[in-house]
Amino acid sequence: MISVNDFRTGLTIVVDGQLYRVLDFQHVKPGKGAAFVRSKLRNLRNGSVNEKTFRAGEKVEKAQIDNRKMQYLYAQGDEHVFMDLESYEQTELASAAIEYELKFLKENMEVHIQSYQGEMLGVELPNTVQLEVTETEPGIKGDTASGGTKPATLQTGLIVQVPFFVNQGDVLIINTEEGSYVSRA
């Protein structure tokens with residue numbers, strides 16, 4: 001058990017039997033009345049974001065999340081197969097559980113799988129990934145790096161805005177948090 005006064009961004013807690021990650025929090029001391037903590041929490045099972053207010057000093061259960069390094073192998077119907085790099089044990093995750101992450105996952109990529117008491121919660125991606133451009137309009141002579149942008153489809157199906165000089169077959173570095181172009185690899 002930890003006090004809500006000890007909240008920090010990224011902390012995982014259990015409230016009313018639900019698993020939450022603290023996205024944001026604010027300690028409030030009104031001029032009249034008791035202090036409280038206003039927080040923004042993401043439900044790790046369904047992805048919803050909730051705002052919840054706790055009394056100052058209130059205790060909540062801290063959840064112990066296990067991160068295991070695994071390799072993404074392949075998709076099998078609506079399931080995606082991952083292999084533990086230490087035990088070679090294979091685990092399946094449903095597409096619905098990792099819908100956003102699928103835009104960045106390619107075969108043989110190493111990621112961290114998060115679990116809580118044996119229940120698989122999802123995939124933690126690296127900050128950036130390298131993906132190949134499979135489709136984009138060709139660059140035209142005279143286009144500059146500081147000009148505009150054009151859409152490019154990557155090998156995973158993700159569409160990002162890229163500078164005009166990027167061509168089909170180029171390997172790009174993509175930010176996984178924002179889903180945006182960083183640079184050429």
# chains A, B, ... in the order shown; residues from 1 in each chain; ligands from 1

call {"tool": "closest_atom_pairs", "arguments": {"of": "segment 108-177 of chain A", "to": "segment 59-79 of chain A", "cutoff": "6 Å", "atoms": "only C-alpha atoms", "output": "Markdown table"}}
result
| residue | atom | partner | partner_atom | distance |
| --- | --- | --- | --- | --- |
| A:Asn108 | CA | A:Tyr72 | CA | 5.2 |
| A:Met109 | CA | A:Tyr72 | CA | 5.4 |
| A:Glu110 | CA | A:Gln71 | CA | 4.4 |
| A:Val111 | CA | A:Met70 | CA | 5.5 |
| A:His112 | CA | A:Lys69 | CA | 4.5 |
| A:Ile113 | CA | A:Arg68 | CA | 5.3 |
| A:Gln114 | CA | A:Asn67 | CA | 4.7 |
| A:Ser115 | CA | A:Asp66 | CA | 5.2 |
| A:Tyr116 | CA | A:Ile65 | CA | 5.1 |

call {"tool": "residues_around", "arguments": {"residues": "Val37 of chain A", "least_positions_apart": "4", "cutoff": "6 Å", "atoms": "only C-alpha atoms", "output": "list in words"}}
result
Gln26, His27, Val28, Thr53 and Phe54 of chain A

call {"tool": "closest_atom_pairs", "arguments": {"of": "segment 42-96 of chain A", "to": "segment 118-140 of chain A", "cutoff": "8 Å", "atoms": "only C-alpha atoms", "output": "JSON lines"}}
result
{"residue": "A:Leu44", "atom": "CA", "partner": "A:Leu121", "partner_atom": "CA", "distance": 6.6}
{"residue": "A:Arg45", "atom": "CA", "partner": "A:Leu121", "partner_atom": "CA", "distance": 6.4}
{"residue": "A:Leu93", "atom": "CA", "partner": "A:Met120", "partner_atom": "CA", "distance": 7.5}

call {"tool": "write_last_selection", "arguments": {"atoms": "all heavy atoms", "output": "PDB file, in the first residue's frame"}}
result
ATOM      1  N   LEU A  44      -5.544  -0.114 -17.530  1.00  0.00           N
ATOM      2  CA  LEU A  44      -4.648  -0.935 -18.335  1.00  0.00           C
ATOM      3  C   LEU A  44      -5.346  -2.111 -19.005  1.00  0.00           C
ATOM      4  O   LEU A  44      -4.800  -2.709 -19.919  1.00  0.00           O
ATOM      5  CB  LEU A  44      -3.477  -1.442 -17.496  1.00  0.00           C
ATOM      6  CG  LEU A  44      -2.517  -0.357 -17.002  1.00  0.00           C
ATOM      7  CD1 LEU A  44      -1.399  -0.969 -16.182  1.00  0.00           C
ATOM      8  CD2 LEU A  44      -1.951   0.429 -18.156  1.00  0.00           C
ATOM      9  N   ARG A  45      -6.562  -2.423 -18.583  1.00  0.00           N
ATOM     10  CA  ARG A  45      -7.280  -3.542 -19.203  1.00  0.00           C
ATOM     11  C   ARG A  45      -8.091  -3.107 -20.414  1.00  0.00           C
ATOM     12  O   ARG A  45      -8.192  -3.828 -21.386  1.00  0.00           O
ATOM     13  CB  ARG A  45      -8.171  -4.221 -18.176  1.00  0.00           C
ATOM     14  CG  ARG A  45      -7.346  -4.959 -17.127  1.00  0.00           C
ATOM     15  CD  ARG A  45      -8.200  -5.829 -16.234  1.00  0.00           C
ATOM     16  NE  ARG A  45      -7.367  -6.595 -15.332  1.00  0.00           N
ATOM     17  CZ  ARG A  45      -7.302  -6.397 -14.034  1.00  0.00           C
ATOM     18  NH1 ARG A  45      -8.023  -5.450 -13.456  1.00  0.00           N
ATOM     19  NH2 ARG A  45      -6.531  -7.141 -13.284  1.00  0.00           N
ATOM     20  N   LEU A  93      -1.239 -12.750 -27.868  1.00  0.00           N
ATOM     21  CA  LEU A  93      -2.013 -11.588 -27.440  1.00  0.00           C
ATOM     22  C   LEU A  93      -3.034 -11.274 -28.526  1.00  0.00           C
ATOM     23  O   LEU A  93      -2.713 -11.332 -29.721  1.00  0.00           O
ATOM     24  CB  LEU A  93      -1.110 -10.369 -27.241  1.00  0.00           C
ATOM     25  CG  LEU A  93      -0.356 -10.257 -25.933  1.00  0.00           C
ATOM     26  CD1 LEU A  93       0.607  -9.086 -25.964  1.00  0.00           C
ATOM     27  CD2 LEU A  93      -1.314 -10.086 -24.772  1.00  0.00           C
TER      28      LEU A  93
END

call {"tool": "select_by_dssp", "arguments": {"residues": "segment 4-178 of chain A", "states": "strand (DSSP E or B)", "output": "number ranges by chain"}}
result
A: 12-15, 18-28, 36-43, 49-55, 59-62, 66-76, 79-84, 90-94, 110-116, 119-124, 128-136, 149-154, 159-163, 171-175

call {"tool": "write_last_selection", "arguments": {"atoms": "C-alpha atoms", "output": "mmCIF file, in the first residue's frame"}}
result
data_model
loop_
_atom_site.group_PDB
_atom_site.id
_atom_site.type_symbol
_atom_site.label_atom_id
_atom_site.label_comp_id
_atom_site.auth_asym_id
_atom_site.auth_seq_id
_atom_site.Cartn_x
_atom_site.Cartn_y
_atom_site.Cartn_z
ATOM 1 C CA THR A 12 0.719 1.455 -11.565
ATOM 2 C CA ILE A 13 -1.976 1.078 -8.891
ATOM 3 C CA VAL A 14 -5.051 -1.035 -8.107
ATOM 4 C CA VAL A 15 -8.260 0.873 -7.294
ATOM 5 C CA GLN A 18 -9.102 -2.256 -11.543
ATOM 6 C CA LEU A 19 -5.532 -1.771 -12.727
ATOM 7 C CA TYR A 20 -4.527 1.841 -13.503
ATOM 8 C CA ARG A 21 -1.403 3.734 -14.582
ATOM 9 C CA VAL A 22 -1.046 7.306 -13.269
ATOM 10 C CA LEU A 23 -0.838 9.663 -16.268
ATOM 11 C CA ASP A 24 -1.037 12.940 -14.371
ATOM 12 C CA PHE A 25 -1.698 14.109 -10.820
ATOM 13 C CA GLN A 26 -2.018 17.350 -8.884
ATOM 14 C CA HIS A 27 -1.887 17.989 -5.144
ATOM 15 C CA VAL A 28 -4.554 20.543 -4.166
ATOM 16 C CA PHE A 36 -6.785 16.194 -1.907
ATOM 17 C CA VAL A 37 -5.045 14.699 -4.941
ATOM 18 C CA ARG A 38 -6.649 15.031 -8.372
ATOM 19 C CA SER A 39 -5.381 12.372 -10.788
ATOM 20 C CA LYS A 40 -5.768 11.193 -14.374
ATOM 21 C CA LEU A 41 -5.588 7.387 -14.610
ATOM 22 C CA ARG A 42 -5.477 4.985 -17.604
ATOM 23 C CA ASN A 43 -7.216 1.645 -17.151
ATOM 24 C CA VAL A 49 -8.781 7.340 -19.199
ATOM 25 C CA ASN A 50 -10.542 8.367 -15.982
ATOM 26 C CA GLU A 51 -10.173 11.295 -13.601
ATOM 27 C CA LYS A 52 -10.307 10.394 -9.936
ATOM 28 C CA THR A 53 -9.937 12.444 -6.765
ATOM 29 C CA PHE A 54 -8.390 11.007 -3.590
ATOM 30 C CA ARG A 55 -8.264 12.462 -0.065
ATOM 31 C CA LYS A 59 -3.846 4.562 0.761
ATOM 32 C CA VAL A 60 -4.027 2.609 -2.510
ATOM 33 C CA GLU A 61 -2.495 -0.710 -3.541
ATOM 34 C CA LYS A 62 0.640 -0.539 -5.670
ATOM 35 C CA ASP A 66 6.318 -7.634 -14.694
ATOM 36 C CA ASN A 67 8.176 -6.673 -17.892
ATOM 37 C CA ARG A 68 9.515 -9.574 -19.929
ATOM 38 C CA LYS A 69 11.666 -9.076 -23.004
ATOM 39 C CA MET A 70 10.023 -10.916 -25.893
ATOM 40 C CA GLN A 71 10.295 -11.146 -29.658
ATOM 41 C CA TYR A 72 7.313 -10.582 -31.956
ATOM 42 C CA LEU A 73 7.081 -13.613 -34.237
ATOM 43 C CA TYR A 74 3.950 -13.469 -36.402
ATOM 44 C CA ALA A 75 0.211 -12.900 -36.636
ATOM 45 C CA GLN A 76 -2.102 -15.907 -36.598
ATOM 46 C CA GLU A 79 -3.832 -13.430 -32.354
ATOM 47 C CA HIS A 80 -0.208 -12.246 -32.323
ATOM 48 C CA VAL A 81 2.538 -14.608 -31.173
ATOM 49 C CA PHE A 82 5.468 -13.477 -29.001
ATOM 50 C CA MET A 83 8.405 -15.583 -27.789
ATOM 51 C CA ASP A 84 10.196 -15.186 -24.443
ATOM 52 C CA GLN A 90 5.436 -18.572 -26.828
ATOM 53 C CA THR A 91 2.574 -16.302 -25.760
ATOM 54 C CA GLU A 92 -0.396 -15.029 -27.742
ATOM 55 C CA LEU A 93 -2.013 -11.588 -27.440
ATOM 56 C CA ALA A 94 -5.288 -10.562 -29.087
ATOM 57 C CA GLU A 110 12.164 -7.199 -29.594
ATOM 58 C CA VAL A 111 9.644 -5.574 -27.203
ATOM 59 C CA HIS A 112 8.674 -5.754 -23.517
ATOM 60 C CA ILE A 113 5.428 -7.559 -22.622
ATOM 61 C CA GLN A 114 3.739 -6.239 -19.486
ATOM 62 C CA SER A 115 1.867 -8.645 -17.214
ATOM 63 C CA TYR A 116 0.138 -8.473 -13.847
ATOM 64 C CA GLU A 119 -2.469 -11.630 -16.990
ATOM 65 C CA MET A 120 -0.934 -10.192 -20.178
ATOM 66 C CA LEU A 121 -1.677 -6.466 -20.370
ATOM 67 C CA GLY A 122 0.100 -5.278 -23.476
ATOM 68 C CA VAL A 123 3.265 -4.339 -25.299
ATOM 69 C CA GLU A 124 5.752 -1.612 -24.345
ATOM 70 C CA THR A 128 11.601 4.809 -31.942
ATOM 71 C CA VAL A 129 11.400 2.075 -34.584
ATOM 72 C CA GLN A 130 12.836 1.741 -38.079
ATOM 73 C CA LEU A 131 10.270 1.049 -40.794
ATOM 74 C CA GLU A 132 10.587 0.892 -44.576
ATOM 75 C CA VAL A 133 8.492 3.073 -46.908
ATOM 76 C CA THR A 134 6.380 0.813 -49.139
ATOM 77 C CA GLU A 135 4.413 3.504 -50.940
ATOM 78 C CA THR A 136 4.766 7.245 -51.478
ATOM 79 C CA THR A 149 5.148 17.081 -46.454
ATOM 80 C CA LYS A 150 3.496 14.166 -48.223
ATOM 81 C CA PRO A 151 1.888 10.956 -46.926
ATOM 82 C CA ALA A 152 3.953 7.755 -46.924
ATOM 83 C CA THR A 153 2.728 4.217 -46.221
ATOM 84 C CA LEU A 154 5.153 2.118 -44.161
ATOM 85 C CA ILE A 159 0.675 6.281 -42.797
ATOM 86 C CA VAL A 160 2.884 9.204 -41.709
ATOM 87 C CA GLN A 161 3.628 12.653 -43.093
ATOM 88 C CA VAL A 162 7.192 12.817 -44.429
ATOM 89 C CA PRO A 163 9.327 15.461 -46.208
ATOM 90 C CA VAL A 171 14.069 3.221 -44.101
ATOM 91 C CA LEU A 172 12.721 5.823 -41.662
ATOM 92 C CA ILE A 173 12.981 6.328 -37.900
ATOM 93 C CA ILE A 174 9.458 6.725 -36.484
ATOM 94 C CA ASN A 175 8.522 8.050 -33.011
#

call {"tool": "closest_residue", "arguments": {"among": "A:Gln117, A:Ser48, A:Phe164, A:Lys103", "to": "Gly179 of chain A", "atoms": "only C-alpha atoms"}}
result
A:Lys103
